[in-house]
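Written out below as structure tokens is the structure these notes cover.
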Amino acid sequence: MKKGIPNHIAVIMDGNGRWAKARHLPRAFGHRKGAEALRELLKSAIEIGIPYMTFYSFSSENWNRPQSEINDIMGLLRRYLQSELATFHKAGIRLKVIGDRSRLADDIVLLIEDAERQTLNNDKLTVVMALSYGGRQEIVEAAQRIANQVKSGSLNPDQITENVFEQELYTRDIPDPDLLIRTSGEMRISNFLLWQLAYSEMVFVEKNWPDFSKNDLLTAIGEYQKRDRRYGSAAETA
Ligand code: FPP
């Protein structure tokens, strides 16, 4: 059966630093270009009619980068949330942020809460931003919440199913990605959506993130449509 447009595409936006280095520019410049590429890609996603997109914007491991680079990315995020919100809203984008908010600056958390509240009823495109996000940590926290329910007597261990577990993840109301795209030629998941990517197709693109365009998105979707997705069962044509 031929596949249509994916319902949910997850993206690891990698290679901002290498993009800048190749041009003898500071890494911050690469992140700025990366943020511009993100803005353009959201427009393309709406034009193509993709309902959900998740972007790995800042991983829990990214906190180990030099403080100056963390400040650059957080500054970019702050400006992005302030300057793009009206545009997002007008375009019908619903914003949702997943990750450990306790490590983010208070004013950024307020901007996120405000953006999520304002865009809650938009239905053109749901944009999930993974910020201070780590897949293992997400699973551990879900396990802790489930353990507490068992401890308090509201849940029996034999009632712990995949569906019950999923309800404790950040992504409880978001369908699993059909397609993962990673730019910059790296072929790793890097602690991104470990549970949710179980059956996703993966497409790895050589270009660095700032150069990733609508055409590249369409090419990745074309590659996805050629794949035979079987969820572990036998091929239809076998
Ligand atoms: C990966 O490139 C990119 C990041 C770690 C940050 C992602 C940030 C953006 C795309 C800017 C958009 C921002 C927000 C938060 C709205 P890299 O730095 O790992 O590149 P490298 O592997 O070439 O060094």
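Numbering starts fresh at 1 for the residues of each chain in the structure tokens, the chains themselves are lettered A, B, ... in the order given, and ligands are numbered from 1 as they appear.
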
Within 9 Å of segment 108-123 of chain A using only C-alpha atoms, minus same-chain residues under 4 positions, as a list in words: Pro51, Met74, Leu77, Arg78, Leu81, Gln82, Leu85, Phe88, His89, Ala91, Gly92, Ile93, Arg94, Leu95, Lys96, Val97, Arg101, Ser102 and Leu104 of chain A

Store the residues of this selection in a file with C-alpha atoms, as a PDB file, in the first residue's frame.
```pdb
ATOM      1  CA  PRO A  51      -0.159  17.592  10.933  1.00  0.00           C
ATOM      2  CA  MET A  74      18.824  30.274  24.975  1.00  0.00           C
ATOM      3  CA  LEU A  77      15.039  30.707  21.887  1.00  0.00           C
ATOM      4  CA  ARG A  78      13.911  33.688  23.985  1.00  0.00           C
ATOM      5  CA  LEU A  81       9.355  32.803  21.422  1.00  0.00           C
ATOM      6  CA  GLN A  82       8.859  36.572  21.645  1.00  0.00           C
ATOM      7  CA  LEU A  85       4.570  33.790  18.515  1.00  0.00           C
ATOM      8  CA  PHE A  88       2.880  31.034  14.631  1.00  0.00           C
ATOM      9  CA  HIS A  89      -0.544  31.824  15.981  1.00  0.00           C
ATOM     10  CA  ALA A  91      -0.510  30.483  10.734  1.00  0.00           C
ATOM     11  CA  GLY A  92      -2.581  28.106  12.880  1.00  0.00           C
ATOM     12  CA  ILE A  93       0.377  26.501  14.671  1.00  0.00           C
ATOM     13  CA  ARG A  94      -0.116  24.883  18.076  1.00  0.00           C
ATOM     14  CA  LEU A  95       3.112  24.900  20.087  1.00  0.00           C
ATOM     15  CA  LYS A  96       3.979  22.268  22.652  1.00  0.00           C
ATOM     16  CA  VAL A  97       7.282  21.990  24.504  1.00  0.00           C
ATOM     17  CA  ARG A 101      11.655  22.699  32.301  1.00  0.00           C
ATOM     18  CA  SER A 102      13.265  22.870  35.743  1.00  0.00           C
ATOM     19  CA  LEU A 104      15.338  26.421  31.894  1.00  0.00           C
TER      20      LEU A 104
END
```

Test item: residues lying within 7 Å of ligand 1 with only C-alpha atoms and all ligand atoms, as JSON, numbers by chain: {"A": [13, 14, 15, 16, 17, 18, 19, 31, 32, 34, 35, 38, 56, 57, 58, 62, 73, 74, 76, 77, 80]}

Alpha helix (DSSP H) positions in segment 29-142 of chain A, given as a ChimeraX atom specification: /A:29-48,67-90,106-119,135-142

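Proximity ranking of A:Arg136, A:Lys214, A:Arg65, A:Arg103 relative to Ser190 of chain A places A:Arg136 first, based on only C-alpha atoms.
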
Å distance separating atom CA of Ser233 of chain A from atom CA of Thr183 of chain A, one decimal place: 29.5 Å

Segment 51-145 of chain A: which residues are strand (DSSP E or B) by DSSP, as a PDB file with N, CA and C atoms, in the first residue's frame?
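Full text of selection27.pdb as output:
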```
ATOM      1  N   TYR A  52       1.796  16.991  12.327  1.00  0.00           N
ATOM      2  CA  TYR A  52       2.650  17.082  13.530  1.00  0.00           C
ATOM      3  C   TYR A  52       4.126  17.108  13.140  1.00  0.00           C
ATOM      4  N   MET A  53       4.891  18.016  13.753  1.00  0.00           N
ATOM      5  CA  MET A  53       6.350  17.975  13.606  1.00  0.00           C
ATOM      6  C   MET A  53       7.005  18.185  14.968  1.00  0.00           C
ATOM      7  N   THR A  54       8.016  17.369  15.257  1.00  0.00           N
ATOM      8  CA  THR A  54       8.773  17.519  16.511  1.00  0.00           C
ATOM      9  C   THR A  54      10.221  17.848  16.173  1.00  0.00           C
ATOM     10  N   PHE A  55      10.777  18.836  16.850  1.00  0.00           N
ATOM     11  CA  PHE A  55      12.153  19.266  16.586  1.00  0.00           C
ATOM     12  C   PHE A  55      13.006  19.119  17.840  1.00  0.00           C
ATOM     13  N   TYR A  56      14.167  18.484  17.668  1.00  0.00           N
ATOM     14  CA  TYR A  56      15.125  18.362  18.779  1.00  0.00           C
ATOM     15  C   TYR A  56      15.897  19.675  18.828  1.00  0.00           C
ATOM     16  N   SER A  57      15.506  20.558  19.732  1.00  0.00           N
ATOM     17  CA  SER A  57      16.069  21.903  19.755  1.00  0.00           C
ATOM     18  C   SER A  57      17.201  22.049  20.768  1.00  0.00           C
ATOM     19  N   PHE A  58      17.126  21.274  21.858  1.00  0.00           N
ATOM     20  CA  PHE A  58      18.179  21.352  22.872  1.00  0.00           C
ATOM     21  C   PHE A  58      18.090  20.082  23.715  1.00  0.00           C
ATOM     22  N   SER A  59      19.122  19.269  23.685  1.00  0.00           N
ATOM     23  CA  SER A  59      19.064  17.994  24.401  1.00  0.00           C
ATOM     24  C   SER A  59      19.561  18.168  25.831  1.00  0.00           C
ATOM     25  N   ILE A  93      -0.534  27.460  14.028  1.00  0.00           N
ATOM     26  CA  ILE A  93       0.377  26.501  14.671  1.00  0.00           C
ATOM     27  C   ILE A  93       0.058  26.384  16.164  1.00  0.00           C
ATOM     28  N   ARG A  94      -0.002  25.144  16.640  1.00  0.00           N
ATOM     29  CA  ARG A  94      -0.116  24.883  18.076  1.00  0.00           C
ATOM     30  C   ARG A  94       1.280  24.495  18.567  1.00  0.00           C
ATOM     31  N   LEU A  95       1.761  25.184  19.578  1.00  0.00           N
ATOM     32  CA  LEU A  95       3.112  24.900  20.087  1.00  0.00           C
ATOM     33  C   LEU A  95       3.027  24.082  21.370  1.00  0.00           C
ATOM     34  N   LYS A  96       3.889  23.061  21.432  1.00  0.00           N
ATOM     35  CA  LYS A  96       3.979  22.268  22.652  1.00  0.00           C
ATOM     36  C   LYS A  96       5.462  22.020  22.922  1.00  0.00           C
ATOM     37  N   VAL A  97       5.874  22.187  24.164  1.00  0.00           N
ATOM     38  CA  VAL A  97       7.282  21.990  24.504  1.00  0.00           C
ATOM     39  C   VAL A  97       7.409  20.770  25.400  1.00  0.00           C
ATOM     40  N   ILE A  98       8.351  19.866  25.071  1.00  0.00           N
ATOM     41  CA  ILE A  98       8.598  18.697  25.915  1.00  0.00           C
ATOM     42  C   ILE A  98      10.032  18.753  26.436  1.00  0.00           C
ATOM     43  N   LEU A 125      -1.070  22.860  12.317  1.00  0.00           N
ATOM     44  CA  LEU A 125       0.171  22.109  12.519  1.00  0.00           C
ATOM     45  C   LEU A 125       0.534  22.160  14.004  1.00  0.00           C
ATOM     46  N   THR A 126       0.784  21.001  14.588  1.00  0.00           N
ATOM     47  CA  THR A 126       1.294  20.973  15.961  1.00  0.00           C
ATOM     48  C   THR A 126       2.812  20.886  15.902  1.00  0.00           C
ATOM     49  N   VAL A 127       3.471  21.886  16.488  1.00  0.00           N
ATOM     50  CA  VAL A 127       4.936  21.904  16.541  1.00  0.00           C
ATOM     51  C   VAL A 127       5.365  21.542  17.957  1.00  0.00           C
ATOM     52  N   VAL A 128       6.062  20.439  18.085  1.00  0.00           N
ATOM     53  CA  VAL A 128       6.571  20.016  19.383  1.00  0.00           C
ATOM     54  C   VAL A 128       8.056  20.358  19.423  1.00  0.00           C
ATOM     55  N   MET A 129       8.460  21.172  20.391  1.00  0.00           N
ATOM     56  CA  MET A 129       9.878  21.518  20.540  1.00  0.00           C
ATOM     57  C   MET A 129      10.431  20.727  21.722  1.00  0.00           C
ATOM     58  N   ALA A 130      11.433  19.894  21.456  1.00  0.00           N
ATOM     59  CA  ALA A 130      12.093  19.171  22.535  1.00  0.00           C
ATOM     60  C   ALA A 130      13.223  20.043  23.066  1.00  0.00           C
ATOM     61  N   LEU A 131      13.060  20.486  24.302  1.00  0.00           N
ATOM     62  CA  LEU A 131      13.998  21.447  24.904  1.00  0.00           C
ATOM     63  C   LEU A 131      14.464  20.909  26.245  1.00  0.00           C
ATOM     64  N   SER A 132      15.753  20.814  26.450  1.00  0.00           N
ATOM     65  CA  SER A 132      16.270  20.214  27.669  1.00  0.00           C
ATOM     66  C   SER A 132      15.682  18.803  27.782  1.00  0.00           C
ATOM     67  N   TYR A 133      15.648  18.132  26.652  1.00  0.00           N
ATOM     68  CA  TYR A 133      14.966  16.834  26.539  1.00  0.00           C
ATOM     69  C   TYR A 133      15.965  15.684  26.470  1.00  0.00           C
TER      70      TYR A 133
END
```

Of the listed residues A:Lys90, A:Lys33, A:Arg79, A:Lys226, that which approaches Asn208 of chain A most closely, counting only C-alpha atoms: A:Lys33

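You will find atom CA of Glu138 of chain A at 6.4 Å from atom CA of Leu169 of chain A.
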
Test item: residues at most 12 Å from Arg145 of chain A, only C-alpha atoms, excluding those fewer than 2 positions along its chain, as a list in words: Glu138, Ile139, Val140, Glu141, Ala142, Ala143, Ala147, Asn148, Gln149, Val150, Lys151, Ser152, Ser154, Leu155, Ile160, Val164, Phe165, Glu166, Gln167, Glu168 and Leu169 of chain A

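Put simply, atom CA of His8 of chain A is 8.8 Å away from atom CA of Ile174 of chain A.
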
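With only C-alpha atoms as the atoms that count, the residue of A:Ile50, A:Ala28, A:Ala105, A:Met202 with the shortest distance to Ile189 of chain A is A:Met202.
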
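Distances here use only C-alpha atoms; by that measure, the residue among A:Met187, A:Leu217, A:Ile46, A:Leu179 closest to Tyr199 of chain A is A:Leu179.
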
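With distances restricted to only C-alpha atoms, A:Ser184 is the closest residue to Pro210 of chain A from A:Gln137, A:Asp107, A:Ser184, A:Asn71.
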
Surrounding residues of Val203 of chain A excluding itself and chain neighbours under 5 positions, 10 Å, only C-alpha atoms, as a ChimeraX atom specification: /A:11,179-183,185,187,219-221,223-224
